[in-house]
$ cat upload-v4.txt   # compact mmCIF, C-alpha atoms
# COMPACT_ATOMS: atom_id res chain seq x y z
CA MET L 1 43.95 12.13 -4.00
CA SER L 2 45.62 13.12 -0.73
CA GLU L 3 44.32 11.86 2.60
CA LEU L 4 43.67 15.45 3.67
CA VAL L 5 41.40 16.13 0.67
CA THR L 6 39.67 12.77 1.13
CA ALA L 7 38.97 13.55 4.77
CA ARG L 8 37.64 16.99 3.84
CA ILE L 9 35.28 15.47 1.25
CA ARG L 10 33.97 12.97 3.82
CA THR L 11 33.35 15.78 6.29
CA THR L 12 31.54 17.88 3.70
CA ALA L 13 29.48 14.89 2.56
CA THR L 14 28.42 14.26 6.15
CA ARG L 15 27.41 17.90 6.61
CA LEU L 16 25.38 17.72 3.39
CA GLU L 17 23.67 14.55 4.69
CA LEU L 18 25.24 12.34 2.05
CA PRO L 19 26.15 9.39 4.29
CA HIS L 20 26.61 6.87 1.49
CA LEU L 21 29.22 9.06 -0.17
CA ALA L 22 31.01 9.66 3.13
CA ALA L 23 31.13 5.94 3.93
CA ASN L 24 32.02 4.71 0.44
CA LEU L 25 34.33 7.39 -0.91
CA ALA L 26 37.34 5.07 -1.12
CA GLY L 27 35.34 2.52 -3.09
CA HIS L 28 34.04 5.19 -5.47
CA LEU L 29 37.56 6.45 -6.10
CA ALA L 30 38.85 2.93 -6.74
CA ARG L 31 36.09 2.27 -9.27
CA ALA L 32 36.73 5.61 -10.96
CA ASP L 33 40.44 4.86 -11.28
CA ALA L 34 39.82 1.33 -12.56
CA ALA L 35 37.35 2.54 -15.20
CA GLN L 36 39.33 5.70 -15.97
CA MET L 37 36.22 7.78 -15.50
CA GLY L 38 36.01 11.41 -16.46
CA TYR L 39 34.97 14.03 -13.91
CA LEU L 40 31.35 14.22 -15.08
CA GLU L 41 31.01 10.43 -15.23
CA PHE L 42 32.39 10.14 -11.70
CA LEU L 43 30.04 12.83 -10.41
CA ASP L 44 27.10 11.09 -12.09
CA LEU L 45 28.06 7.79 -10.43
CA VAL L 46 28.29 9.36 -6.98
CA LEU L 47 24.99 11.24 -7.24
CA GLU L 48 23.08 8.28 -8.72
CA GLU L 49 24.21 5.94 -5.93
CA GLU L 50 23.42 8.49 -3.23
CA HIS L 51 19.96 9.05 -4.69
CA ALA L 52 19.30 5.30 -4.91
CA VAL L 53 20.30 4.79 -1.27
CA LYS L 54 18.13 7.70 -0.08
CA GLU L 55 15.19 6.49 -2.15
CA GLU L 56 15.43 2.97 -0.74
CA ARG L 57 15.59 4.43 2.77
CA ARG L 58 12.49 6.53 2.04
CA ILE L 59 10.60 3.48 0.77
CA ARG L 60 11.53 1.37 3.80
CA HIS L 61 10.39 4.12 6.15
CA ALA L 62 7.13 4.70 4.23
CA LEU L 63 6.31 0.99 4.24
CA ARG L 64 7.09 0.73 7.94
CA ILE L 65 4.65 3.49 8.91
CA SER L 66 1.99 2.40 6.39
CA LYS L 67 0.65 -0.28 8.79
CA MET L 68 0.35 -2.79 5.95
CA PRO L 69 0.19 -6.44 7.09
CA HIS L 70 2.81 -7.50 4.54
CA HIS L 71 4.67 -6.09 1.54
CA LYS L 72 3.78 -8.62 -1.16
CA THR L 73 3.87 -7.64 -4.82
CA LEU L 74 1.85 -8.67 -7.86
CA ASP L 75 4.69 -11.04 -8.81
CA ASP L 76 3.72 -13.07 -5.73
CA TYR L 77 0.07 -13.38 -6.82
CA ASP L 78 -0.98 -16.60 -8.56
CA PHE L 79 -3.30 -15.38 -11.30
CA SER L 80 -3.59 -18.94 -12.66
CA TYR L 81 -5.56 -19.92 -9.55
CA GLN L 82 -8.18 -17.26 -10.32
CA PRO L 83 -9.03 -17.88 -14.01
CA THR L 84 -12.04 -15.52 -13.93
CA LEU L 85 -9.78 -12.61 -12.98
CA ASP L 86 -8.31 -10.74 -15.94
CA PRO L 87 -4.66 -9.96 -15.04
CA ARG L 88 -4.70 -7.03 -17.46
CA LYS L 89 -7.21 -5.16 -15.29
CA VAL L 90 -4.99 -5.50 -12.24
CA LYS L 91 -1.87 -4.57 -14.18
CA ASP L 92 -3.67 -1.50 -15.53
CA LEU L 93 -4.19 -0.44 -11.91
CA ALA L 94 -0.49 -1.07 -11.28
CA SER L 95 0.26 1.73 -13.74
CA LEU L 96 -0.99 3.96 -10.86
CA ALA L 97 -3.09 6.14 -13.14
CA PHE L 98 -5.81 5.90 -10.48
CA ALA L 99 -3.50 7.43 -7.86
CA GLU L 100 -2.49 10.21 -10.24
CA ALA L 101 -6.16 10.93 -10.97
CA LYS L 102 -7.11 10.65 -7.26
CA SER L 103 -9.73 8.06 -8.16
CA ASN L 104 -10.59 4.80 -6.40
CA ALA L 105 -10.40 1.04 -6.89
CA ALA L 106 -12.62 -1.64 -5.36
CA LEU L 107 -11.75 -5.34 -5.13
CA LEU L 108 -14.84 -7.44 -4.45
CA GLY L 109 -15.14 -11.16 -3.73
CA PRO L 110 -15.48 -13.86 -1.10
CA PRO L 111 -12.87 -14.33 1.63
CA GLY L 112 -9.52 -15.82 0.70
CA VAL L 113 -9.35 -14.95 -3.01
CA GLY L 114 -6.45 -12.51 -2.66
CA LYS L 115 -8.18 -9.14 -2.49
CA THR L 116 -5.94 -7.82 0.27
CA HIS L 117 -2.85 -9.19 -1.48
CA ILE L 118 -3.65 -7.23 -4.63
CA ALA L 119 -4.57 -4.08 -2.71
CA VAL L 120 -1.31 -4.19 -0.75
CA ALA L 121 0.71 -4.92 -3.90
CA LEU L 122 -0.79 -1.85 -5.58
CA ALA L 123 -0.07 0.22 -2.47
CA VAL L 124 3.57 -0.98 -2.43
CA ALA L 125 3.88 0.06 -6.07
CA ALA L 126 2.40 3.46 -5.22
CA CYS L 127 4.84 3.86 -2.34
CA ARG L 128 7.79 3.13 -4.62
CA ALA L 129 6.45 5.74 -7.04
CA GLY L 130 6.48 8.37 -4.32
CA TYR L 131 2.87 8.33 -3.09
CA SER L 132 2.13 8.27 0.64
CA ILE L 133 0.06 5.26 1.71
CA TYR L 134 -1.81 4.00 4.75
CA PHE L 135 -3.49 0.66 5.47
CA THR L 136 -6.42 0.02 7.78
CA THR L 137 -9.34 -2.34 8.10
CA LEU L 138 -12.71 -0.64 8.15
CA ASP L 139 -13.43 -1.91 11.67
CA ASP L 140 -10.13 -0.65 13.07
CA MET L 141 -10.61 2.76 11.47
CA VAL L 142 -14.09 3.08 12.96
CA ARG L 143 -12.77 2.10 16.40
CA GLN L 144 -9.99 4.68 16.15
CA LEU L 145 -12.36 7.43 15.02
CA LYS L 146 -14.91 6.66 17.75
CA ALA L 147 -12.21 6.70 20.42
CA ALA L 148 -10.88 10.02 19.11
CA ASP L 149 -14.39 11.49 19.01
CA THR L 150 -14.93 10.54 22.64
CA ILE L 151 -11.96 12.66 23.76
CA GLY L 152 -12.58 15.52 21.33
CA ARG L 153 -9.81 14.57 18.90
CA LEU L 154 -11.91 13.47 15.92
CA THR L 155 -10.63 16.17 13.55
CA SER L 156 -7.03 15.31 14.31
CA LYS L 157 -7.57 11.56 13.94
CA MET L 158 -9.62 11.98 10.78
CA ARG L 159 -6.64 13.74 9.25
CA ALA L 160 -4.60 10.53 9.53
CA TYR L 161 -7.01 8.83 7.11
CA VAL L 162 -7.50 11.84 4.82
CA ARG L 163 -3.86 12.90 4.40
CA PRO L 164 -2.28 9.90 2.55
CA HIS L 165 -2.34 9.88 -1.25
CA VAL L 166 -3.61 6.26 -1.17
CA LEU L 167 -5.71 4.78 1.65
CA VAL L 168 -6.13 1.00 1.68
CA LEU L 169 -9.50 0.29 3.32
CA ASP L 170 -9.63 -3.45 3.93
CA GLU L 171 -12.47 -5.80 4.92
CA VAL L 172 -15.45 -3.55 4.21
CA GLY L 173 -18.57 -5.48 5.14
CA TYR L 174 -17.19 -8.14 7.46
CA GLN L 175 -19.03 -6.55 10.40
CA PRO L 176 -22.21 -4.42 10.20
CA LEU L 177 -21.89 -0.87 11.53
CA ALA L 178 -24.19 1.19 13.71
CA ARG L 179 -25.50 4.38 12.12
CA ASP L 180 -23.14 6.66 14.07
CA GLU L 181 -20.20 4.48 12.96
CA ALA L 182 -21.35 4.59 9.35
CA ASN L 183 -21.58 8.35 9.60
CA LEU L 184 -17.88 8.48 10.56
CA VAL L 185 -17.06 6.46 7.44
CA PHE L 186 -19.15 8.85 5.36
CA GLN L 187 -17.26 11.83 6.78
CA MET L 188 -13.91 10.29 5.93
CA ILE L 189 -14.91 9.35 2.38
CA SER L 190 -16.44 12.79 1.80
CA LYS L 191 -13.21 14.48 2.91
CA ARG L 192 -11.12 12.27 0.59
CA TYR L 193 -13.49 12.68 -2.37
CA GLU L 194 -11.45 13.78 -5.42
CA LYS L 195 -8.53 14.61 -3.09
CA GLY L 196 -7.00 11.16 -2.66
CA SER L 197 -7.43 7.53 -3.70
CA ILE L 198 -9.09 4.71 -1.80
CA LEU L 199 -8.20 1.08 -2.48
CA LEU L 200 -10.93 -0.95 -0.81
CA THR L 201 -11.64 -4.64 -0.45
CA SER L 202 -15.05 -6.06 0.37
CA ASN L 203 -16.78 -9.42 0.58
CA LYS L 204 -20.13 -7.74 -0.05
CA ALA L 205 -21.71 -6.65 -3.31
CA PHE L 206 -22.55 -2.94 -3.43
CA SER L 207 -26.23 -3.88 -3.35
CA GLU L 208 -25.65 -5.23 0.19
CA TRP L 209 -23.97 -2.13 1.57
CA GLY L 210 -27.23 -0.85 3.01
CA GLN L 211 -27.06 -3.75 5.47
CA VAL L 212 -23.38 -3.11 6.16
CA PHE L 213 -23.89 0.56 7.02
CA GLY L 214 -27.27 0.14 8.66
CA ASP L 215 -28.93 2.79 6.50
CA GLU L 216 -29.77 2.63 2.80
CA VAL L 217 -29.61 6.41 2.34
CA LEU L 218 -26.21 6.68 4.03
CA ALA L 219 -24.88 3.69 2.07
CA THR L 220 -26.05 5.32 -1.17
CA ALA L 221 -24.29 8.56 -0.25
CA ILE L 222 -21.07 6.66 0.50
CA LEU L 223 -21.27 4.69 -2.75
CA ASP L 224 -22.05 7.85 -4.72
CA ARG L 225 -18.69 9.34 -3.72
CA LEU L 226 -16.71 6.12 -3.92
CA LEU L 227 -17.95 4.99 -7.31
CA HIS L 228 -17.95 8.34 -9.10
CA HIS L 229 -14.32 7.69 -10.11
CA CYS L 230 -13.68 4.02 -9.42
CA GLU L 231 -12.36 0.87 -11.09
CA VAL L 232 -14.25 -2.20 -9.81
CA ILE L 233 -12.71 -5.66 -10.04
CA ALA L 234 -14.67 -8.75 -8.97
CA ILE L 235 -12.77 -11.90 -7.99
CA ASN L 236 -15.13 -14.87 -7.93
CA GLY L 237 -12.86 -17.86 -7.40
CA PRO L 238 -11.70 -20.38 -4.80
CA SER L 239 -9.97 -19.43 -1.57
CA TYR L 240 -6.17 -19.47 -1.46
CA ARG L 241 -6.29 -20.18 2.26
CA LEU L 242 -8.64 -23.12 1.71
CA LYS L 243 -6.38 -24.36 -1.08
CA ASN L 244 -3.37 -24.34 1.22
CA ARG L 245 -5.35 -25.97 4.03
CA LEU L 246 -6.60 -28.75 1.76
CA SER L 247 -3.08 -29.26 0.43
CA ALA L 248 -1.76 -29.58 3.99
CA VAL L 249 -4.51 -32.07 4.86
CA ALA L 250 -3.74 -34.12 1.76
CA ASP L 251 -0.01 -34.16 2.55
CA ALA L 252 -0.74 -35.24 6.12
CA ALA L 253 -2.99 -38.04 4.85
CA LEU L 254 -0.28 -39.28 2.46
CA GLU L 255 2.28 -39.28 5.26
CA ALA L 256 -0.12 -41.20 7.49
CA ASP L 257 -0.76 -43.77 4.74
CA ALA L 258 2.98 -44.16 4.15
CA ALA L 259 3.58 -44.69 7.87
CA VAL L 260 0.89 -47.36 8.04
CA ALA L 261 2.24 -49.08 4.92
CA GLY L 262 5.76 -49.01 6.37

$ encode --input "upload-v4.txt" --output "structure tokens"
Amino acid sequence: MSELVTARIRTTATRLELPHLAANLAGHLARADAAQMGYLEFLDLVLEEEHAVKEERRIRHALRISKMPHHKTLDDYDFSYQPTLDPRKVKDLASLAFAEAKSNAALLGPPGVGKTHIAVALAVAACRAGYSIYFTTLDDMVRQLKAADTIGRLTSKMRAYVRPHVLVLDEVGYQPLARDEANLVFQMISKRYEKGSILLTSNKAFSEWGQVFGDEVLATAILDRLLHHCEVIAINGPSYRLKNRLSAVADAALEADAAVAG
């Protein structure tokens, strides 16, 4: 292929916003020659690689704006440390049928058992499948909504929590809410009801949510919408963080004993 034609293809690829093709045309041509590809096979190669690059760019951007604290996957989760947790239930959620159905999932258990890890892993999987995602703790969301309400921007700010396909609502119940704060949560959940999924984590049983939201009637109304279409998974095991801390303490003690013995 002449240099003139090659240059023209690069220019056209750039105009069509196909940067990978423009930057890697020479490599594509070399591979096509080496494999003696036909025209259709070569075109398939070029389009597949361009799509893969664009998709990876989309995923990186979506994860960056999702506000998630990390991007861990289920492969990073040690199910063996939580023997009461059935991995099949979590892996069923990873099929993302809940996101397709615009239903919810709740991960309940004491601090440190990996609730946030699982919620984030499911959100990462949803992002890769093309769903928009957003992560927030309950307390931070309430603060943001209250601040927006103060300056007359509540509707606009509420939209940020209603718009994503999947909202990860972390740490429900760690701090009790005043009634006006609970009402903001109710508004958000009502607006998302059957329109988008919520992945929530909580250290409180649903029977304790009246204390969390400061009003039994309001808590019941929130739960009514959340649990209508919801998969609930309880994790009642030891804390990962405590496990790591105890391991560190034990290692330090062994080093100290070895130093004394030496």

$ closest_residue --input "upload-v4.txt" --among "L:Leu18, L:Ile133, L:Leu74, L:Met188" --to "His51 (chain L)" --atoms "all atoms listed in the file"
L:Leu18

$ atom_distance --input "upload-v4.txt" --atom1 "CA of Leu138 (chain L)" --atom2 "CA of Ile151 (chain L)"
20.5 Å

$ closest_residue --input "upload-v4.txt" --among "L:Gln187, L:Ser66, L:Gly114, L:Arg57" --to "Phe79 (chain L)" --atoms "all atoms listed in the file"
L:Gly114

$ residues_around --input "upload-v4.txt" --residues "Val172 (chain L)" --least-positions-apart "2" --cutoff "8 Å" --atoms "all atoms listed in the file" --output "VMD selection string"
chain L and resid 137 to 139 169 to 170 174 to 175 200 to 204

$ atom_distance --input "upload-v4.txt" --atom1 "CA of Arg192 (chain L)" --atom2 "CA of Val142 (chain L)"
15.7 Å

$ closest_residue --input "upload-v4.txt" --among "L:Ala205, L:Ala35, L:Leu184, L:Leu122" --to "Pro110 (chain L)" --atoms "only C-alpha atoms"
L:Ala205

$ closest_residue --input "upload-v4.txt" --among "L:Ser103, L:Ile118, L:Gly27, L:Glu216" --to "Asp75 (chain L)" --atoms "all atoms listed in the file"
L:Ile118

$ closest_residue --input "upload-v4.txt" --among "L:Val217, L:Val46, L:Leu226, L:Ala62" --to "Ala126 (chain L)" --atoms "all atoms listed in the file"
L:Ala62

$ closest_residue --input "upload-v4.txt" --among "L:Ala26, L:Gly112, L:Leu43, L:Ile222" --to "Tyr81 (chain L)" --atoms "all atoms listed in the file"
L:Gly112

$ atom_distance --input "upload-v4.txt" --atom1 "CA of Asp180 (chain L)" --atom2 "CA of Ala221 (chain L)"
14.5 Å

$ residues_around --input "upload-v4.txt" --residues "Ala32 (chain L)" --least-positions-apart "3" --cutoff "12 Å" --atoms "all atoms listed in the file" --output "ChimeraX atom specification"
/L:1,25-29,35-46

$ write_last_selection --input "upload-v4.txt" --atoms "C-alpha atoms" --output "PDB file, keeping the file's coordinate frame"
ATOM      1  CA  MET L   1      43.950  12.130  -4.000  1.00  0.00           C
ATOM      2  CA  LEU L  25      34.330   7.390  -0.910  1.00  0.00           C
ATOM      3  CA  ALA L  26      37.340   5.070  -1.120  1.00  0.00           C
ATOM      4  CA  GLY L  27      35.340   2.520  -3.090  1.00  0.00           C
ATOM      5  CA  HIS L  28      34.040   5.190  -5.470  1.00  0.00           C
ATOM      6  CA  LEU L  29      37.560   6.450  -6.100  1.00  0.00           C
ATOM      7  CA  ALA L  35      37.350   2.540 -15.200  1.00  0.00           C
ATOM      8  CA  GLN L  36      39.330   5.700 -15.970  1.00  0.00           C
ATOM      9  CA  MET L  37      36.220   7.780 -15.500  1.00  0.00           C
ATOM     10  CA  GLY L  38      36.010  11.410 -16.460  1.00  0.00           C
ATOM     11  CA  TYR L  39      34.970  14.030 -13.910  1.00  0.00           C
ATOM     12  CA  LEU L  40      31.350  14.220 -15.080  1.00  0.00           C
ATOM     13  CA  GLU L  41      31.010  10.430 -15.230  1.00  0.00           C
ATOM     14  CA  PHE L  42      32.390  10.140 -11.700  1.00  0.00           C
ATOM     15  CA  LEU L  43      30.040  12.830 -10.410  1.00  0.00           C
ATOM     16  CA  ASP L  44      27.100  11.090 -12.090  1.00  0.00           C
ATOM     17  CA  LEU L  45      28.060   7.790 -10.430  1.00  0.00           C
ATOM     18  CA  VAL L  46      28.290   9.360  -6.980  1.00  0.00           C
TER      19      VAL L  46
END

$ residues_around --input "upload-v4.txt" --residues "Pro19 (chain L)" --least-positions-apart "3" --cutoff "12 Å" --atoms "only C-alpha atoms" --output "ChimeraX atom specification"
/L:9-16,22-25,46-47,49-51,53-54,57

$ residues_around --input "upload-v4.txt" --residues "Pro87 (chain L)" --least-positions-apart "3" --cutoff "12 Å" --atoms "only C-alpha atoms" --output "list in words"
Leu74, Asp75, Tyr77, Asp78, Phe79, Ser80, Tyr81, Gln82, Pro83, Thr84, Val90, Lys91, Asp92, Leu93, Ala94, Ile118, Ile233, Ala234 and Ile235 of chain L

$ residues_around --input "upload-v4.txt" --residues "Pro176 (chain L)" --least-positions-apart "6" --cutoff "8 Å" --atoms "all atoms listed in the file" --output "count of residues only"
4

$ decode --input "upload-v4.txt" --residues "region 8-25 of chain L" --atoms "N, CA, C and O atoms" --output "PDB file, in the first residue's frame"
ATOM      1  N   ARG L   8      -3.726   8.869   3.777  1.00  0.00           N
ATOM      2  CA  ARG L   8      -5.131   9.244   3.613  1.00  0.00           C
ATOM      3  C   ARG L   8      -6.019   8.443   4.561  1.00  0.00           C
ATOM      4  O   ARG L   8      -6.976   8.970   5.129  1.00  0.00           O
ATOM      5  N   ILE L   9      -5.704   7.162   4.736  1.00  0.00           N
ATOM      6  CA  ILE L   9      -6.477   6.318   5.652  1.00  0.00           C
ATOM      7  C   ILE L   9      -6.328   6.830   7.085  1.00  0.00           C
ATOM      8  O   ILE L   9      -7.307   6.911   7.835  1.00  0.00           O
ATOM      9  N   ARG L  10      -5.098   7.196   7.477  1.00  0.00           N
ATOM     10  CA  ARG L  10      -4.888   7.721   8.830  1.00  0.00           C
ATOM     11  C   ARG L  10      -5.697   8.998   9.045  1.00  0.00           C
ATOM     12  O   ARG L  10      -6.309   9.193  10.100  1.00  0.00           O
ATOM     13  N   THR L  11      -5.705   9.860   8.051  1.00  0.00           N
ATOM     14  CA  THR L  11      -6.450  11.114   8.156  1.00  0.00           C
ATOM     15  C   THR L  11      -7.942  10.848   8.297  1.00  0.00           C
ATOM     16  O   THR L  11      -8.629  11.430   9.145  1.00  0.00           O
ATOM     17  N   THR L  12      -8.453   9.927   7.476  1.00  0.00           N
ATOM     18  CA  THR L  12      -9.874   9.594   7.531  1.00  0.00           C
ATOM     19  C   THR L  12     -10.228   8.946   8.873  1.00  0.00           C
ATOM     20  O   THR L  12     -11.269   9.251   9.466  1.00  0.00           O
ATOM     21  N   ALA L  13      -9.346   8.067   9.350  1.00  0.00           N
ATOM     22  CA  ALA L  13      -9.590   7.410  10.637  1.00  0.00           C
ATOM     23  C   ALA L  13      -9.646   8.432  11.763  1.00  0.00           C
ATOM     24  O   ALA L  13     -10.481   8.339  12.666  1.00  0.00           O
ATOM     25  N   THR L  14      -8.781   9.430  11.704  1.00  0.00           N
ATOM     26  CA  THR L  14      -8.784  10.481  12.723  1.00  0.00           C
ATOM     27  C   THR L  14     -10.079  11.275  12.676  1.00  0.00           C
ATOM     28  O   THR L  14     -10.679  11.581  13.709  1.00  0.00           O
ATOM     29  N   ARG L  15     -10.533  11.614  11.455  1.00  0.00           N
ATOM     30  CA  ARG L  15     -11.777  12.361  11.308  1.00  0.00           C
ATOM     31  C   ARG L  15     -12.970  11.562  11.815  1.00  0.00           C
ATOM     32  O   ARG L  15     -13.940  12.129  12.329  1.00  0.00           O
ATOM     33  N   LEU L  16     -12.915  10.254  11.657  1.00  0.00           N
ATOM     34  CA  LEU L  16     -13.998   9.378  12.115  1.00  0.00           C
ATOM     35  C   LEU L  16     -13.867   9.020  13.596  1.00  0.00           C
ATOM     36  O   LEU L  16     -14.640   8.201  14.103  1.00  0.00           O
ATOM     37  N   GLU L  17     -12.880   9.621  14.260  1.00  0.00           N
ATOM     38  CA  GLU L  17     -12.618   9.353  15.679  1.00  0.00           C
ATOM     39  C   GLU L  17     -12.318   7.881  15.924  1.00  0.00           C
ATOM     40  O   GLU L  17     -12.891   7.228  16.798  1.00  0.00           O
ATOM     41  N   LEU L  18     -11.390   7.374  15.097  1.00  0.00           N
ATOM     42  CA  LEU L  18     -10.878   6.017  15.241  1.00  0.00           C
ATOM     43  C   LEU L  18      -9.374   6.112  15.519  1.00  0.00           C
ATOM     44  O   LEU L  18      -8.540   5.736  14.681  1.00  0.00           O
ATOM     45  N   PRO L  19      -9.003   6.617  16.697  1.00  0.00           N
ATOM     46  CA  PRO L  19      -7.588   6.897  16.970  1.00  0.00           C
ATOM     47  C   PRO L  19      -6.701   5.661  16.995  1.00  0.00           C
ATOM     48  O   PRO L  19      -5.529   5.721  16.624  1.00  0.00           O
ATOM     49  N   HIS L  20      -7.245   4.529  17.443  1.00  0.00           N
ATOM     50  CA  HIS L  20      -6.433   3.315  17.493  1.00  0.00           C
ATOM     51  C   HIS L  20      -6.039   2.880  16.082  1.00  0.00           C
ATOM     52  O   HIS L  20      -4.887   2.480  15.855  1.00  0.00           O
ATOM     53  N   LEU L  21      -6.965   2.961  15.160  1.00  0.00           N
ATOM     54  CA  LEU L  21      -6.662   2.605  13.776  1.00  0.00           C
ATOM     55  C   LEU L  21      -5.623   3.561  13.191  1.00  0.00           C
ATOM     56  O   LEU L  21      -4.666   3.125  12.545  1.00  0.00           O
ATOM     57  N   ALA L  22      -5.799   4.850  13.446  1.00  0.00           N
ATOM     58  CA  ALA L  22      -4.863   5.841  12.911  1.00  0.00           C
ATOM     59  C   ALA L  22      -3.451   5.609  13.437  1.00  0.00           C
ATOM     60  O   ALA L  22      -2.468   5.728  12.701  1.00  0.00           O
ATOM     61  N   ALA L  23      -3.345   5.246  14.723  1.00  0.00           N
ATOM     62  CA  ALA L  23      -2.026   5.096  15.344  1.00  0.00           C
ATOM     63  C   ALA L  23      -1.380   3.749  15.044  1.00  0.00           C
ATOM     64  O   ALA L  23      -0.150   3.619  15.111  1.00  0.00           O
ATOM     65  N   ASN L  24      -2.188   2.756  14.714  1.00  0.00           N
ATOM     66  CA  ASN L  24      -1.658   1.392  14.574  1.00  0.00           C
ATOM     67  C   ASN L  24      -1.848   0.804  13.184  1.00  0.00           C
ATOM     68  O   ASN L  24      -1.798  -0.418  13.015  1.00  0.00           O
ATOM     69  N   LEU L  25      -2.071   1.655  12.209  1.00  0.00           N
ATOM     70  CA  LEU L  25      -2.329   1.160  10.855  1.00  0.00           C
ATOM     71  C   LEU L  25      -1.184   0.301  10.332  1.00  0.00           C
ATOM     72  O   LEU L  25      -1.416  -0.767   9.757  1.00  0.00           O
TER      73      LEU L  25
END
